[in-house]
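Quick look at entry-v1.csv (CSV, C-alpha atoms and all ligand atoms):
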chain,number,residue,atom,x,y,z
A,1,MET,CA,-25.9,29.5,9.0
A,2,SER,CA,-26.3,31.8,5.9
A,3,THR,CA,-28.5,34.7,5.5
A,4,TYR,CA,-29.6,37.1,2.8
A,5,VAL,CA,-31.3,40.4,3.4
A,6,ARG,CA,-34.7,40.9,2.0
A,7,PHE,CA,-35.1,44.1,0.1
A,8,ARG,CA,-38.8,44.5,-0.7
A,9,HIS,CA,-38.6,48.2,0.1
A,10,PHE,CA,-36.7,48.8,-3.2
A,11,GLY,CA,-39.9,48.4,-5.1
A,12,ARG,CA,-40.1,52.1,-6.1
A,13,ILE,CA,-36.6,52.9,-7.3
A,14,GLY,CA,-36.9,55.3,-10.1
A,15,THR,CA,-34.7,57.6,-12.0
A,16,HIS,CA,-35.4,60.5,-9.7
A,17,MET,CA,-34.2,58.7,-6.5
A,18,HIS,CA,-31.2,59.8,-4.5
A,19,SER,CA,-30.8,58.1,-1.2
A,20,VAL,CA,-28.5,57.6,1.6
A,21,PHE,CA,-28.7,54.6,3.9
A,22,ALA,CA,-26.9,54.0,7.1
A,23,ALA,CA,-26.9,50.6,8.8
A,24,ARG,CA,-25.3,48.8,11.6
A,25,ASN,CA,-22.5,46.6,10.6
A,26,VAL,CA,-22.5,44.4,13.6
A,27,GLY,CA,-24.7,44.7,16.7
A,28,ARG,CA,-26.8,47.6,17.9
A,29,TYR,CA,-25.4,50.1,20.3
A,30,LYS,CA,-27.2,48.8,23.4
A,31,SER,CA,-28.3,50.3,26.6
A,32,SER,CA,-29.0,47.8,29.4
A,33,LYS,CA,-32.0,45.5,29.0
A,34,PRO,CA,-33.6,43.3,31.6
A,35,GLU,CA,-34.4,39.7,30.6
A,36,ASP,CA,-38.0,38.8,30.3
A,37,SER,CA,-39.5,35.5,31.3
A,38,GLN,CA,-40.9,33.1,28.8
A,39,GLU,CA,-43.9,32.1,30.7
A,40,GLY,CA,-46.9,34.2,30.2
A,41,ASN,CA,-45.4,35.9,27.1
A,42,PRO,CA,-48.4,36.6,24.9
A,43,LEU,CA,-46.6,36.6,21.6
A,44,LEU,CA,-45.0,33.2,22.5
A,45,LYS,CA,-48.4,31.8,23.2
A,46,TYR,CA,-49.7,33.2,19.9
A,47,LEU,CA,-46.8,31.8,17.9
A,48,THR,CA,-47.0,28.4,19.6
A,49,MET,CA,-50.7,28.2,18.7
A,50,LYS,CA,-50.0,29.3,15.1
A,51,ILE,CA,-47.1,26.8,14.6
A,52,THR,CA,-49.1,24.0,16.2
A,53,ALA,CA,-52.0,24.7,13.8
A,54,THR,CA,-50.1,25.3,10.6
A,55,GLY,CA,-46.5,24.0,11.0
A,56,PRO,CA,-43.1,25.6,11.4
A,57,ILE,CA,-42.7,29.2,10.3
A,58,THR,CA,-39.8,30.9,8.5
A,59,VAL,CA,-37.3,33.1,10.3
A,60,ALA,CA,-38.7,36.0,8.2
A,61,GLU,CA,-42.2,35.3,9.5
A,62,TYR,CA,-41.0,35.0,13.0
A,63,MET,CA,-39.1,38.4,12.7
A,64,ARG,CA,-42.2,40.1,11.3
A,65,GLU,CA,-44.4,38.9,14.2
A,66,VAL,CA,-41.8,39.7,16.9
A,67,LEU,CA,-41.1,43.2,15.6
A,68,THR,CA,-44.4,44.3,14.0
A,69,ASN,CA,-47.3,42.2,15.3
A,70,PRO,CA,-50.0,44.8,15.8
A,71,LEU,CA,-50.8,43.7,19.4
A,72,LYS,CA,-47.4,42.7,20.9
A,73,GLY,CA,-44.7,43.5,18.3
A,74,TYR,CA,-41.5,45.0,19.7
A,75,TYR,CA,-41.7,48.2,17.7
A,76,MET,CA,-45.5,48.7,18.1
A,77,HIS,CA,-46.2,50.1,21.6
A,78,HIS,CA,-43.2,51.4,23.3
A,79,ASP,CA,-40.3,53.8,22.8
A,80,MET,CA,-37.2,51.6,22.8
A,81,LEU,CA,-34.8,54.3,21.7
A,82,GLY,CA,-32.5,56.7,23.5
A,83,GLU,CA,-30.7,56.7,26.8
A,84,HIS,CA,-33.5,55.1,28.8
A,85,GLY,CA,-34.5,52.6,26.1
A,86,ASP,CA,-33.0,49.4,24.8
A,87,PHE,CA,-30.5,50.9,22.4
A,88,VAL,CA,-29.2,54.3,21.3
A,89,THR,CA,-28.9,55.3,17.7
A,90,SER,CA,-26.6,58.0,16.2
A,91,PRO,CA,-29.3,60.7,15.7
A,92,GLU,CA,-30.2,60.3,19.4
A,93,ILE,CA,-26.6,60.8,20.4
A,94,SER,CA,-25.9,64.1,18.8
A,95,GLN,CA,-27.7,66.7,16.8
A,96,ILE,CA,-24.5,66.9,14.6
A,97,PHE,CA,-25.4,63.6,12.9
A,98,GLY,CA,-28.8,64.8,11.5
A,99,GLU,CA,-27.4,68.2,10.7
A,100,LEU,CA,-24.7,66.7,8.5
A,101,ILE,CA,-27.3,64.5,6.7
A,102,GLY,CA,-29.4,67.7,6.2
A,103,ILE,CA,-26.3,69.3,4.6
A,104,TRP,CA,-25.9,66.2,2.4
A,105,CYS,CA,-29.5,66.6,1.2
A,106,VAL,CA,-29.0,70.3,0.4
A,107,SER,CA,-25.8,69.6,-1.4
A,108,GLU,CA,-27.4,66.8,-3.5
A,109,TRP,CA,-30.4,69.0,-4.3
A,110,ILE,CA,-28.0,71.7,-5.6
A,111,SER,CA,-25.8,69.3,-7.5
A,112,GLY,CA,-28.9,67.5,-8.9
A,113,GLY,CA,-30.0,70.8,-10.6
A,114,LYS,CA,-32.2,72.4,-7.9
A,115,SER,CA,-35.3,70.6,-8.7
A,116,LYS,CA,-38.6,72.6,-8.2
A,117,SER,CA,-40.0,70.0,-5.9
A,118,LEU,CA,-38.6,67.5,-3.5
A,119,ASN,CA,-40.1,64.6,-1.5
A,120,LEU,CA,-38.0,63.8,1.5
A,121,VAL,CA,-38.8,60.3,2.6
A,122,GLU,CA,-37.5,58.7,5.8
A,123,LEU,CA,-38.0,54.9,6.3
A,124,GLY,CA,-38.4,53.9,10.0
A,125,PRO,CA,-37.8,57.4,11.6
A,126,GLY,CA,-37.8,56.2,15.2
A,127,ARG,CA,-38.4,59.2,17.5
A,128,GLY,CA,-38.1,61.7,14.5
A,129,SER,CA,-34.8,63.2,15.8
A,130,LEU,CA,-32.9,62.7,12.6
A,131,MET,CA,-35.7,64.4,10.6
A,132,SER,CA,-36.0,67.2,13.1
A,133,ASP,CA,-32.2,68.0,12.7
A,134,ILE,CA,-32.5,67.8,8.9
A,135,LEU,CA,-35.4,70.2,8.9
A,136,ARG,CA,-33.5,72.7,11.1
A,137,VAL,CA,-30.8,72.7,8.5
A,138,PHE,CA,-33.3,73.2,5.7
A,139,SER,CA,-34.6,76.3,7.6
A,140,GLN,CA,-31.1,77.6,7.8
A,141,PHE,CA,-30.8,77.2,4.0
A,142,LYS,CA,-34.2,78.8,3.4
A,143,HIS,CA,-32.8,81.4,1.1
A,144,LEU,CA,-31.6,78.6,-1.3
A,145,LEU,CA,-34.5,76.2,-0.8
A,146,ASN,CA,-37.3,78.7,-1.2
A,147,THR,CA,-37.6,77.9,-4.9
A,148,CYS,CA,-38.4,74.3,-4.0
A,149,ASP,CA,-41.7,72.8,-3.0
A,150,ILE,CA,-40.6,70.4,-0.2
A,151,SER,CA,-42.8,67.8,1.4
A,152,ILE,CA,-41.9,65.2,4.1
A,153,HIS,CA,-43.0,61.6,4.1
A,154,LEU,CA,-42.4,59.1,6.9
A,155,VAL,CA,-42.8,55.4,6.5
A,156,GLU,CA,-43.5,54.0,9.9
A,157,VAL,CA,-45.2,50.9,11.0
A,158,SER,CA,-45.4,51.7,14.8
A,159,PRO,CA,-48.4,53.6,16.2
A,160,LYS,CA,-46.4,54.5,19.3
A,161,LEU,CA,-43.4,55.8,17.4
A,162,SER,CA,-45.5,57.7,14.9
A,163,GLU,CA,-47.1,59.5,17.8
A,164,ILE,CA,-43.7,60.5,19.2
A,165,GLN,CA,-42.6,61.6,15.7
A,166,ALA,CA,-45.7,63.8,15.3
A,167,LEU,CA,-45.1,65.4,18.7
A,168,ASN,CA,-41.4,66.1,17.9
A,169,LEU,CA,-42.0,67.3,14.4
A,170,THR,CA,-45.3,69.1,14.3
A,171,GLU,CA,-47.4,71.6,16.3
A,172,LYS,CA,-50.4,69.5,15.4
A,173,SER,CA,-51.1,66.5,13.4
A,174,THR,CA,-54.4,64.7,12.5
A,175,ASP,CA,-55.1,61.0,11.9
A,176,ALA,CA,-56.4,60.3,8.5
A,177,LYS,CA,-60.0,59.1,8.4
A,178,TYR,CA,-60.1,55.3,8.3
A,179,GLU,CA,-61.6,55.3,4.8
A,180,ASP,CA,-58.8,57.5,3.5
A,181,ARG,CA,-56.1,55.3,4.9
A,182,SER,CA,-55.2,53.7,1.6
A,183,SER,CA,-52.6,56.4,1.2
A,184,CYS,CA,-51.4,58.1,4.4
A,185,TYR,CA,-52.6,57.4,8.0
A,186,LYS,CA,-51.5,60.7,9.6
A,187,MET,CA,-50.8,64.1,8.3
A,188,GLY,CA,-49.7,67.5,9.6
A,189,ILE,CA,-47.4,70.6,9.1
A,190,THR,CA,-43.9,70.5,10.5
A,191,LYS,CA,-42.7,73.1,13.0
A,192,THR,CA,-40.8,74.5,10.1
A,193,GLY,CA,-43.9,74.8,7.9
A,194,LEU,CA,-43.7,71.9,5.6
A,195,PRO,CA,-46.4,69.3,4.8
A,196,ILE,CA,-45.7,66.0,6.4
A,197,ASN,CA,-47.5,62.6,5.9
A,198,TRP,CA,-47.2,59.1,7.5
A,199,TYR,CA,-47.5,55.8,5.6
A,200,TYR,CA,-47.4,52.1,6.5
A,201,ASN,CA,-45.9,51.2,3.1
A,202,ILE,CA,-43.3,52.7,0.9
A,203,GLN,CA,-45.5,51.9,-2.1
A,204,ASP,CA,-47.9,54.6,-0.9
A,205,VAL,CA,-45.4,57.5,-0.9
A,206,PRO,CA,-46.2,59.8,-3.9
A,207,SER,CA,-43.8,59.7,-6.8
A,208,GLY,CA,-41.6,62.6,-7.9
A,209,TYR,CA,-38.1,63.8,-7.3
A,210,THR,CA,-37.3,62.0,-4.1
A,211,PHE,CA,-34.5,61.6,-1.5
A,212,TYR,CA,-34.9,58.4,0.6
A,213,ILE,CA,-33.2,58.2,4.0
A,214,ALA,CA,-33.0,55.1,6.0
A,215,HIS,CA,-31.0,54.8,9.3
A,216,GLU,CA,-30.9,51.5,11.1
A,217,PHE,CA,-33.9,50.4,9.1
A,218,PHE,CA,-32.8,47.6,6.8
A,219,ASP,CA,-31.4,45.6,9.7
A,220,ALA,CA,-34.9,45.6,11.2
A,221,LEU,CA,-36.5,44.0,8.1
A,222,PRO,CA,-37.3,40.2,8.1
A,223,ILE,CA,-34.7,37.9,6.7
A,224,HIS,CA,-34.7,34.2,5.6
A,225,ILE,CA,-31.9,31.9,6.9
A,226,LEU,CA,-30.6,29.1,4.8
A,227,GLN,CA,-28.2,26.3,5.8
A,228,LYS,CA,-26.1,24.2,3.5
A,229,ILE,CA,-26.3,20.5,4.3
A,230,GLN,CA,-23.8,18.6,2.1
A,231,ASP,CA,-24.7,20.0,-1.3
A,232,GLU,CA,-28.2,21.1,-0.5
A,233,TRP,CA,-29.5,24.4,0.7
A,234,ARG,CA,-32.3,24.1,3.3
A,235,GLU,CA,-34.3,26.8,4.9
A,236,VAL,CA,-34.1,27.2,8.7
A,237,LEU,CA,-37.5,27.3,10.3
A,238,ILE,CA,-38.9,27.8,13.7
A,239,ASP,CA,-41.0,25.1,15.4
A,240,VAL,CA,-42.4,24.4,18.9
A,241,ASP,CA,-40.0,22.4,21.0
A,242,PRO,CA,-41.8,19.1,21.8
A,243,GLU,CA,-39.7,18.4,24.9
A,244,ILE,CA,-39.9,21.7,26.7
A,245,GLN,CA,-43.0,23.8,27.4
A,246,HIS,CA,-43.0,27.4,26.3
A,247,LYS,CA,-40.0,26.9,24.1
A,248,LEU,CA,-39.3,27.4,20.4
A,249,ARG,CA,-36.5,25.8,18.5
A,250,PHE,CA,-34.9,25.9,15.1
A,251,VAL,CA,-35.5,23.1,12.6
A,252,LEU,CA,-34.5,22.6,9.0
A,253,GLY,CA,-37.1,22.8,6.2
A,254,SER,CA,-37.2,20.6,3.1
A,255,SER,CA,-34.8,21.2,0.3
A,256,SER,CA,-37.7,22.1,-1.9
A,257,SER,CA,-38.4,25.4,-0.1
A,258,HIS,CA,-39.1,28.2,-2.6
A,259,ILE,CA,-36.5,30.5,-0.9
A,260,ALA,CA,-33.9,27.8,-0.8
A,261,LYS,CA,-34.4,27.3,-4.6
A,262,THR,CA,-34.4,31.0,-5.5
A,263,PHE,CA,-31.7,32.6,-3.5
A,264,ILE,CA,-28.7,30.3,-3.5
A,265,LYS,CA,-25.9,32.6,-4.2
A,266,GLY,CA,-23.2,34.5,-2.2
A,267,PHE,CA,-24.3,34.3,1.4
A,268,ARG,CA,-22.5,35.3,4.6
A,269,SER,CA,-22.1,33.2,7.6
A,270,HIS,CA,-23.7,34.2,10.8
A,271,GLN,CA,-24.0,32.8,14.3
A,272,LEU,CA,-27.4,32.5,15.7
A,273,HIS,CA,-28.0,33.9,19.2
A,274,ASN,CA,-30.9,32.9,21.3
A,275,VAL,CA,-33.5,35.0,19.5
A,276,LEU,CA,-36.3,32.6,20.4
A,277,LEU,CA,-36.6,33.7,24.0
A,278,ALA,CA,-39.5,36.0,25.1
A,279,PRO,CA,-40.5,37.1,21.5
A,280,GLY,CA,-41.6,40.8,21.3
A,281,THR,CA,-39.6,41.9,24.3
A,282,ALA,CA,-36.3,42.4,22.6
A,283,ASP,CA,-35.0,43.8,19.3
A,284,LEU,CA,-34.2,41.4,16.5
A,285,THR,CA,-31.8,42.6,13.8
A,286,ALA,CA,-29.9,41.1,10.9
A,287,ASP,CA,-26.6,42.3,9.5
A,288,VAL,CA,-27.1,44.2,6.3
A,289,ASP,CA,-25.3,42.4,3.5
A,290,PHE,CA,-24.2,45.4,1.3
A,291,ASN,CA,-22.5,43.1,-1.2
A,292,PHE,CA,-25.8,41.3,-1.8
A,293,LEU,CA,-27.6,44.6,-2.1
A,294,LYS,CA,-25.0,45.8,-4.7
A,295,ARG,CA,-25.4,42.6,-6.7
A,296,MET,CA,-29.2,42.8,-6.7
A,297,ILE,CA,-29.5,46.5,-7.6
A,298,GLY,CA,-26.3,47.2,-9.6
A,299,ASN,CA,-28.1,47.0,-12.9
A,300,TYR,CA,-30.7,49.5,-12.0
A,301,VAL,CA,-28.9,52.2,-10.0
A,302,SER,CA,-25.4,53.3,-9.2
A,303,PHE,CA,-24.1,53.2,-5.7
A,304,LEU,CA,-21.4,54.7,-3.5
A,305,GLY,CA,-20.0,53.0,-0.3
A,306,PRO,CA,-20.4,51.3,2.0
A,307,ILE,CA,-18.0,53.5,4.0
A,308,THR,CA,-17.7,53.7,7.7
A,309,GLN,CA,-19.8,56.2,9.7
A,310,SER,CA,-16.6,58.0,10.8
A,311,GLU,CA,-15.4,58.4,7.2
A,312,PHE,CA,-18.7,59.7,6.1
A,313,LEU,CA,-19.1,62.2,9.0
A,314,ARG,CA,-15.5,63.3,8.7
A,315,ASN,CA,-15.9,63.9,4.9
A,316,MET,CA,-19.1,65.9,5.7
A,317,GLY,CA,-17.2,68.2,8.1
A,318,ILE,CA,-18.0,66.9,11.6
A,319,ASP,CA,-14.7,68.3,13.0
A,320,LEU,CA,-15.5,71.8,11.8
A,321,ARG,CA,-19.1,71.6,13.1
A,322,LEU,CA,-17.9,70.3,16.5
A,323,LYS,CA,-15.5,73.2,16.7
A,324,VAL,CA,-18.2,75.8,16.0
A,325,LEU,CA,-20.5,74.2,18.6
A,326,LEU,CA,-17.8,74.1,21.2
A,327,GLU,CA,-17.0,77.8,20.6
A,328,ASN,CA,-20.7,78.6,21.1
A,329,ALA,CA,-21.3,76.3,24.0
A,330,LYS,CA,-22.4,78.1,27.1
A,331,ASP,CA,-20.6,76.1,29.7
A,332,ALA,CA,-18.1,73.3,30.3
A,333,THR,CA,-20.8,70.7,30.9
A,334,THR,CA,-22.2,71.3,27.4
A,335,GLN,CA,-18.7,71.2,25.9
A,336,GLN,CA,-18.0,67.8,27.6
A,337,HIS,CA,-21.3,66.4,26.4
A,338,LEU,CA,-20.5,67.5,22.8
A,339,ILE,CA,-17.0,65.9,23.0
A,340,LYS,CA,-18.4,62.7,24.5
A,341,SER,CA,-21.1,62.4,21.8
A,342,TYR,CA,-18.5,63.1,19.1
A,343,ASP,CA,-16.4,60.2,20.5
A,344,VAL,CA,-19.3,57.8,20.5
A,345,LEU,CA,-20.2,58.6,16.8
A,346,MET,CA,-16.6,58.6,15.6
A,347,ASN,CA,-14.5,56.2,17.7
A,348,PRO,CA,-13.8,53.1,15.7
A,349,ASN,CA,-14.4,51.0,18.8
A,350,LYS,CA,-17.8,52.6,19.3
A,351,MET,CA,-20.0,53.5,16.4
A,352,GLY,CA,-17.4,54.9,14.1
A,353,LYS,CA,-16.5,51.6,12.4
A,354,ARG,CA,-19.5,49.5,13.2
A,355,PHE,CA,-21.9,51.6,11.2
A,356,GLN,CA,-21.8,52.0,7.5
A,357,PHE,CA,-23.1,54.5,5.0
A,358,PHE,CA,-24.3,53.4,1.6
A,359,SER,CA,-25.8,55.6,-1.1
A,360,LEU,CA,-27.8,54.9,-4.3
A,361,PHE,CA,-28.3,57.1,-7.3
A,362,PRO,CA,-29.7,57.1,-10.8
A,363,HIS,CA,-26.9,56.2,-13.1
A,364,SER,CA,-27.0,59.7,-14.6
A,365,ARG,CA,-26.0,61.3,-11.3
A,366,LEU,CA,-22.7,59.4,-11.1
A,367,GLU,CA,-21.9,60.0,-14.8
A,368,GLN,CA,-21.9,63.7,-13.8
A,369,THR,CA,-19.6,62.9,-10.9
A,370,SER,CA,-17.1,61.2,-13.2
A,371,ASN,CA,-16.8,64.6,-14.9
A,372,VAL,CA,-15.9,65.9,-11.4
A,373,LYS,CA,-18.4,68.7,-11.9
A,374,TYR,CA,-20.7,67.9,-9.1
A,375,PRO,CA,-19.0,65.6,-6.5
A,376,ILE,CA,-21.2,63.7,-4.1
A,377,ALA,CA,-20.7,64.9,-0.6
A,378,GLY,CA,-19.5,62.5,2.1
A,379,PHE,CA,-18.2,59.7,-0.2
A,380,THR,CA,-14.6,60.0,-1.2
A,381,GLU,CA,-14.3,56.6,-2.9
A,382,LEU,CA,-16.3,56.8,-6.1
A,383,GLU,CA,-17.5,53.3,-7.2
A,384,THR,CA,-20.0,52.7,-9.9
A,385,SER,CA,-21.8,49.5,-10.7
A,401,LIG,C1,-34.0,50.6,14.9
A,401,LIG,S1,-35.3,51.7,14.7
A,401,LIG,C2,-34.4,53.1,14.0
A,401,LIG,C3,-35.0,54.4,14.3
A,401,LIG,C4,-34.3,55.6,13.7
A,401,LIG,N1,-34.1,55.5,12.3
A,401,LIG,C5,-33.0,55.9,14.4
A,401,LIG,O1,-32.0,55.7,13.8
A,401,LIG,O2,-33.1,56.4,15.5
A,401,LIG,C6,-36.2,51.1,13.4
A,401,LIG,C7,-37.4,51.9,12.9
A,401,LIG,O3,-38.0,51.3,11.8
A,401,LIG,C8,-39.4,51.1,12.1
A,401,LIG,N2,-39.8,49.9,11.3
A,401,LIG,C9,-39.4,48.6,11.6
A,401,LIG,N3,-39.9,47.8,10.7
A,401,LIG,C10,-40.7,48.5,9.8
A,401,LIG,C11,-41.4,48.3,8.6
A,401,LIG,N4,-41.5,47.0,8.2
A,401,LIG,N5,-42.0,49.3,8.0
A,401,LIG,C12,-41.9,50.6,8.5
A,401,LIG,N6,-41.2,50.9,9.6
A,401,LIG,C13,-40.6,49.9,10.2
A,401,LIG,C14,-39.5,51.0,13.6
A,401,LIG,O4,-40.8,51.2,14.1
A,401,LIG,C15,-38.5,52.1,13.9
A,401,LIG,O5,-39.0,53.4,13.8

Render the structure in this file as structure tokens.
Amino acid sequence: MSTYVRFRHFGRIGTHMHSVFAARNVGRYKSSKPEDSQEGNPLLKYLTMKITATGPITVAEYMREVLTNPLKGYYMHHDMLGEHGDFVTSPEISQIFGELIGIWCVSEWISGGKSKSLNLVELGPGRGSLMSDILRVFSQFKHLLNTCDISIHLVEVSPKLSEIQALNLTEKSTDAKYEDRSSCYKMGITKTGLPINWYYNIQDVPSGYTFYIAHEFFDALPIHILQKIQDEWREVLIDVDPEIQHKLRFVLGSSSSHIAKTFIKGFRSHQLHNVLLAPGTADLTADVDFNFLKRMIGNYVSFLGPITQSEFLRNMGIDLRLKVLLENAKDATTQQHLIKSYDVLMNPNKMGKRFQFFSLFPHSRLEQTSNVKYPIAGFTELETS
């Protein structure tokens, strides 16, 4: 099987964009998850009806339905993150993670010339923990940032998660009136006093000097899967199994598929797991193919990375931050918790090596770096497109 990663969210790349993306390399960091039965699964019923009516669907369409179907999509109506959810992400494990990203943003803002305004955009912010830790750092650097007009923009498709984000990040937020929803669907003021808005689509985020942050986001976006049969690329589709009730199966599309014609280059091989069981009840992810991203965007922007999470966090000073937190910790239990969280983030057998950091900049930013005047924090290896 071969896959490529869709990257429709790059539509707005402009010269004022600095961004840091972190993505899983292989597999989410799971907490335990009970199996759900096929029978009675409403999304399966809906997909079966749809496929029976209009024919097999692409894996991308399947992923989109399973993850973001408004009624039963996996992300839409429950909180799957954290210790009691289905998987744990780095910002949920330790405050240090978001704090170091906050410092990265402040450092980039300074190196980029202390712009008078800054849009901080997060794609798929989960519970809002990463943004909350970043904003705490911004407050600590208030004396520097007070010349800058900062606004926060969250791109989030899930009504449930956007509610949790609003609770975590604001004292009070309001839903936009239905007729105004062409831009943002929720708005408020953060607990640190900054304007914050929510959007369904990245295209709706206002333009300007912008930092984009995406953590475990690209791997949640729909992908197409292609398979090479002799010399021909065919798209893998999902169909109803004619032999077994309540069961979907993979089939091969015709060679004339638009995707098969357009995207035959440099794919990576993947094994398929049984992602067709109980749609909407479990997470679906795809490995992010950074080399593909680099090839597709290299002419437009410069990039650094990918480097492993442990490299990035170490370069950002995680050891020093841990030391300070340990010194200030009130008791042994807090210290043990800090050490354990550090280990999960940094240990190469846990998240340290499995997760990658990748960063994109306007070409002009890295030209400055080659003069070694304003180095980019966190990335030691400098690689330009
Ligand atoms: C795996 S979670 C990561 C959450 C958070 N970044 C973290 O690391 O804890 C993916 C996030 O992306 C959101 N999401 C998934 N697909 C999306 C889409 N197409 N547009 C906007 N948000 C999306 C989910 O609702 C969720 O908030």

Which residues of segment 188-264 of chain A sit at most 10 Å from segment 56-69 of chain A, using only C-alpha atoms? Give each one's shortest atom pair and distance in Å (one decimal place), in chain and ascending residue order, as JSON lines.
{"residue": "A:Ala220", "atom": "CA", "partner": "A:Leu67", "partner_atom": "CA", "distance": 8.0}
{"residue": "A:Leu221", "atom": "CA", "partner": "A:Arg64", "partner_atom": "CA", "distance": 7.6}
{"residue": "A:Pro222", "atom": "CA", "partner": "A:Ala60", "partner_atom": "CA", "distance": 4.4}
{"residue": "A:Ile223", "atom": "CA", "partner": "A:Ala60", "partner_atom": "CA", "distance": 4.7}
{"residue": "A:His224", "atom": "CA", "partner": "A:Ala60", "partner_atom": "CA", "distance": 5.1}
{"residue": "A:Ile225", "atom": "CA", "partner": "A:Val59", "partner_atom": "CA", "distance": 6.5}
{"residue": "A:Leu226", "atom": "CA", "partner": "A:Val59", "partner_atom": "CA", "distance": 9.5}
{"residue": "A:Glu235", "atom": "CA", "partner": "A:Thr58", "partner_atom": "CA", "distance": 7.7}
{"residue": "A:Val236", "atom": "CA", "partner": "A:Thr58", "partner_atom": "CA", "distance": 6.8}
{"residue": "A:Leu237", "atom": "CA", "partner": "A:Thr58", "partner_atom": "CA", "distance": 4.6}
{"residue": "A:Ile238", "atom": "CA", "partner": "A:Pro56", "partner_atom": "CA", "distance": 5.3}
{"residue": "A:Asp239", "atom": "CA", "partner": "A:Pro56", "partner_atom": "CA", "distance": 4.5}
{"residue": "A:Val240", "atom": "CA", "partner": "A:Pro56", "partner_atom": "CA", "distance": 7.6}
{"residue": "A:Leu248", "atom": "CA", "partner": "A:Pro56", "partner_atom": "CA", "distance": 9.9}
{"residue": "A:Arg249", "atom": "CA", "partner": "A:Pro56", "partner_atom": "CA", "distance": 9.7}
{"residue": "A:Phe250", "atom": "CA", "partner": "A:Val59", "partner_atom": "CA", "distance": 9.0}
{"residue": "A:Val251", "atom": "CA", "partner": "A:Pro56", "partner_atom": "CA", "distance": 8.1}
{"residue": "A:Leu252", "atom": "CA", "partner": "A:Pro56", "partner_atom": "CA", "distance": 9.4}
{"residue": "A:Gly253", "atom": "CA", "partner": "A:Pro56", "partner_atom": "CA", "distance": 8.4}
{"residue": "A:Ile259", "atom": "CA", "partner": "A:Thr58", "partner_atom": "CA", "distance": 10.0}

Open item on the list: Just the number, please: distance in Å from atom CA of Ile318 of chain A to atom CA of Gly98 of chain A, one decimal.
Closed with: 11.0 Å

TODO: Pick out the residues no farther than 6 Å from ligand LIG 401 (chain A), counting only C-alpha atoms and all ligand atoms, and list them as a ChimeraX atom specification.
DONE: /A:75,89,91,124-126,155-158,215-217,220-221

TODO: Could you tell me how far atom CA of Gln309 of chain A lies from atom CA of Gln356 of chain A, in Å and to one decimal?
DONE: 5.1 Å

Open item on the list: Considering all atoms listed in the file, can you say which of A:Leu320, A:Val121, A:Trp104, A:Thr147 comes closest to Asn197 of chain A?
Closed with: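 Going through A:Leu320, A:Val121, A:Trp104, A:Thr147 one by one, the smallest distance to Asn197 of chain A is for A:Val121.
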
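Nearest residue to Leu130 of chain A, choosing from A:Met351, A:Leu145, A:Ala214, A:Met80 and counting all atoms listed in the file: A:Ala214.
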
Open item on the list: Nearest residue to Trp109 of chain A out of A:Leu71, A:Leu277, A:Cys148, A:Leu135, using all atoms listed in the file?
Closed with: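 The answer is A:Cys148, which sits nearest to Trp109 of chain A.
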
Open item on the list: Residues proximal to (-39.2, 65.9, -2.6) were defined as those with any atom within 9 Å of that point in the file's coordinates, counting only C-alpha atoms. Which are they, as a ChimeraX atom specification?
Closed with: /A:115-121,148-153,207-211

Starting from the point (-39.1, 68.5, 14.7), work out which residues of protein, DNA or RNA have an atom no more than 7 Å away when counting all atoms listed in the file; state them as a compact mmCIF listing (two decimals) with C-alpha atoms, in the coordinates of the input.
# COMPACT_ATOMS: atom_id res chain seq x y z
CA GLY A 128 -38.10 61.70 14.50
CA SER A 129 -34.80 63.20 15.80
CA MET A 131 -35.70 64.40 10.60
CA SER A 132 -36.00 67.20 13.10
CA ASN A 168 -41.40 66.10 17.90
CA LEU A 169 -42.00 67.30 14.40
CA THR A 170 -45.30 69.10 14.30
CA THR A 190 -43.90 70.50 10.50
CA LYS A 191 -42.70 73.10 13.00

Task: Between atom CA of Pro70 of chain A and atom CA of Ser173 of chain A - distance in Å to one decimal - done: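 Going from atom CA of Ser173 of chain A over to atom CA of Pro70 of chain A covers 21.9 Å.
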
TODO: Tell me which of A:Val288, A:Leu161, A:Ala282, A:Ile339 sits closest to Arg354 of chain A, counting only C-alpha atoms.
DONE: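 Looking at the shortest contact to Arg354 of chain A, the residue is A:Val288.
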
TODO: Considering all atoms listed in the file, state which residue in the set A:Val205, A:Leu167, A:Ala329, A:Leu43 is at the smallest distance from Tyr185 of chain A.
DONE: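 Distance minimum relative to Tyr185 of chain A lands on A:Val205.
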
Open item on the list: Let me make sure I understand: among A:Asp133, A:Leu144, A:Phe138, A:Leu276, which one has the smallest atom-to-atom distance to Glu92 of chain A if we use all atoms listed in the file?
Closed with: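 For Glu92 of chain A, the nearest of the given residues is A:Asp133.
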